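Below: one structure, written as structure tokens.
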Amino acid sequence: MSGLLREVTEFSFAVFDSLEPNPVLEKRQRRIDHVNVLAVSLNLRIGAAVRSLSEKDKAFLGKWSIVTVTSMIAVRQPNPNVGLILSSFSTFELELQQVDQPELVLPVWLYSLYTTIFTSAHGTIPAGILGLASLGVGLSVR
């Protein structure tokens with residue numbers, strides 16, 4: 001597992017932990033703070049990864065970002081057909097193998113997914129304005 005994927009996996013688990021139902025308020029805040037710390041350092045690396053992606057890699061990310069958001073919206077509807085919704089992911093792995101840099105595309109996609117989940121659950125992006133600033137730096141620094 002690449003270093004970036006390992007860091008994104010840690011971030012993903014931290015986001016998942018922050019979603020625990022009915023935690024003590026202090027415990028929940030510690031978990032959210034942990035996500036925020038991870039996000040700031042990861043944003044720099046994700047920004048650098050995005051800068052090095054090919055057009056083919058970016059097209060994959062665009063497509064699967066749309067599929068993911070659409071699926072997240074569909075799951076929230078009354079009586080969702082979860083099997084049908086998840087079936088749209090059946091070609092994900094095959095398509096991932098056709099990009100130029102799957103070792104960078106996968107962590108970028110996972111980071112985007114878990115950032116979206118965090119934002120949806122907590123009403124704010126990880127690390128707030130500092131998170132946006134660090135991503136901007138990551139995207140612009142050469």
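Labeling convention for the structure tokens: chains A, B, ... as they appear, residues from 1 per chain, ligands from 1 in order of appearance.
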Practice task
Identify, with DSSP run on backbone atoms, the residues in segment 17-109 of chain A assigned to alpha helix (DSSP H), and express the list as number ranges by chain.
Solution key: A: 17-18, 25-51, 55-75, 82-87, 92-96, 102-109
Residues within 12 Å of Glu20 of chain A, only C-alpha atoms, excluding chain neighbours under 4 positions, as an mmCIF file with N, CA and C atoms, in the first residue's frame:
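So out-v9.cif came out as:
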data_model
loop_
_atom_site.group_PDB
_atom_site.id
_atom_site.type_symbol
_atom_site.label_atom_id
_atom_site.label_comp_id
_atom_site.auth_asym_id
_atom_site.auth_seq_id
_atom_site.Cartn_x
_atom_site.Cartn_y
_atom_site.Cartn_z
ATOM 1 N N PHE A 13 -10.867 5.918 8.191
ATOM 2 C CA PHE A 13 -11.247 5.295 9.466
ATOM 3 C C PHE A 13 -11.579 6.350 10.515
ATOM 4 N N ALA A 14 -10.843 7.448 10.507
ATOM 5 C CA ALA A 14 -11.125 8.531 11.463
ATOM 6 C C ALA A 14 -12.494 9.147 11.187
ATOM 7 N N VAL A 15 -12.830 9.344 9.909
ATOM 8 C CA VAL A 15 -14.157 9.856 9.558
ATOM 9 C C VAL A 15 -15.217 8.870 10.031
ATOM 10 N N PHE A 16 -15.007 7.606 9.764
ATOM 11 C CA PHE A 16 -15.953 6.575 10.188
ATOM 12 C C PHE A 16 -16.143 6.611 11.713
ATOM 13 N N VAL A 24 -20.292 10.287 23.709
ATOM 14 C CA VAL A 24 -20.181 11.399 24.640
ATOM 15 C C VAL A 24 -19.658 12.590 23.840
ATOM 16 N N LEU A 25 -20.199 13.779 24.088
ATOM 17 C CA LEU A 25 -19.847 14.966 23.309
ATOM 18 C C LEU A 25 -18.342 15.190 23.236
ATOM 19 N N LYS A 27 -15.942 12.964 23.496
ATOM 20 C CA LYS A 27 -15.336 11.918 22.663
ATOM 21 C C LYS A 27 -15.570 12.228 21.184
ATOM 22 N N ARG A 28 -16.775 12.655 20.862
ATOM 23 C CA ARG A 28 -17.094 13.002 19.475
ATOM 24 C C ARG A 28 -16.212 14.152 18.994
ATOM 25 N N GLN A 29 -16.024 15.170 19.834
ATOM 26 C CA GLN A 29 -15.201 16.313 19.452
ATOM 27 C C GLN A 29 -13.745 15.907 19.247
ATOM 28 N N ARG A 31 -12.717 13.037 18.202
ATOM 29 C CA ARG A 31 -12.676 12.318 16.922
ATOM 30 C C ARG A 31 -12.749 13.288 15.745
ATOM 31 N N ILE A 32 -13.587 14.289 15.840
ATOM 32 C CA ILE A 32 -13.678 15.306 14.783
ATOM 33 C C ILE A 32 -12.357 16.072 14.692
ATOM 34 N N PHE A 118 -18.045 13.104 5.634
ATOM 35 C CA PHE A 118 -17.821 13.925 6.823
ATOM 36 C C PHE A 118 -18.640 15.213 6.740
ATOM 37 N N ALA A 121 -22.331 14.594 7.235
ATOM 38 C CA ALA A 121 -22.677 14.225 8.617
ATOM 39 C C ALA A 121 -22.502 15.374 9.604
ATOM 40 N N HIS A 122 -21.468 16.186 9.411
ATOM 41 C CA HIS A 122 -21.120 17.198 10.407
ATOM 42 C C HIS A 122 -21.423 18.632 9.972
#
Handout entry: Among the residues A:Asn36, A:Ser2, A:Gln101, A:Thr70, the one that comes closest to Leu132 of chain A [using only C-alpha atoms]
Key = A:Asn36
Exercise for the section: Within 10 Å of Ser88 of chain A, counting only C-alpha atoms, which residues show up once you throw out same-chain ones fewer than 4 positions away? Write them as a PyMOL selection string, please. Expected result: chain A and resi 64+67-68+71+83-84+92
Any chance you can output those residues with N, CA and C atoms as an mmCIF file, in the first residue's frame?
data_model
loop_
_atom_site.group_PDB
_atom_site.id
_atom_site.type_symbol
_atom_site.label_atom_id
_atom_site.label_comp_id
_atom_site.auth_asym_id
_atom_site.auth_seq_id
_atom_site.Cartn_x
_atom_site.Cartn_y
_atom_site.Cartn_z
ATOM 1 N N TRP A 64 -16.747 9.212 -11.411
ATOM 2 C CA TRP A 64 -17.067 8.486 -10.185
ATOM 3 C C TRP A 64 -17.470 9.411 -9.047
ATOM 4 N N VAL A 67 -21.178 9.687 -9.809
ATOM 5 C CA VAL A 67 -21.851 8.439 -9.421
ATOM 6 C C VAL A 67 -22.000 8.372 -7.904
ATOM 7 N N THR A 68 -20.955 8.740 -7.187
ATOM 8 C CA THR A 68 -20.977 8.678 -5.728
ATOM 9 C C THR A 68 -22.008 9.633 -5.139
ATOM 10 N N SER A 71 -25.482 8.492 -5.879
ATOM 11 C CA SER A 71 -25.819 7.335 -5.048
ATOM 12 C C SER A 71 -26.126 7.754 -3.612
ATOM 13 N N GLY A 83 -29.680 -2.251 -3.500
ATOM 14 C CA GLY A 83 -29.012 -3.134 -4.458
ATOM 15 C C GLY A 83 -28.825 -2.470 -5.807
ATOM 16 N N LEU A 84 -29.863 -1.827 -6.280
ATOM 17 C CA LEU A 84 -29.784 -1.123 -7.558
ATOM 18 C C LEU A 84 -28.805 0.047 -7.473
ATOM 19 N N PHE A 92 -16.411 -0.185 -11.132
ATOM 20 C CA PHE A 92 -15.412 0.725 -10.565
ATOM 21 C C PHE A 92 -13.995 0.149 -10.664
#
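With distances restricted to only C-alpha atoms, A:Leu4 is the closest residue to Pro107 of chain A from A:Leu38, A:Ala74, A:Ile125, A:Leu4.
Take the candidates A:Ala39, A:Val105, A:Ala49, A:Val82 and check each one against Glu10 of chain A using only C-alpha atoms; the shortest distance goes to A:Ala39.
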Exercise for the section: Name the residues in contact with Arg45 of chain A at a cut-off of 12 Å, using only C-alpha atoms, excluding same-chain residues fewer than 2 positions from it; report them as a PyMOL selection string. Expected result: chain A and resi 3-5+7-8+38-43+47-52+104+107-108+111+134-142
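Going from atom CA of Leu113 of chain A to atom CA of Ser54 of chain A covers 20.0 Å.
Nearest residue to Ser112 of chain A, choosing from A:Pro126, A:Lys56, A:Arg30, A:Gln98 and counting only C-alpha atoms: A:Pro126.
A straight line drawn from atom CA of Ala133 of chain A to atom CA of Ile66 of chain A is 24.1 Å long.
As for atom CA of Asp17 of chain A and atom CA of Trp109 of chain A, they are spaced 19.4 Å apart.
Nearest to Pro102 of chain A of all the residues A:Glu26, A:Leu19, A:Leu53, A:Ile46 is A:Leu53, based on only C-alpha atoms.
The smallest atom-to-atom distance between Glu95 of chain A and any of A:Phe11, A:Phe60, A:His34, A:Pro23, using only C-alpha atoms, is found for A:Phe60.
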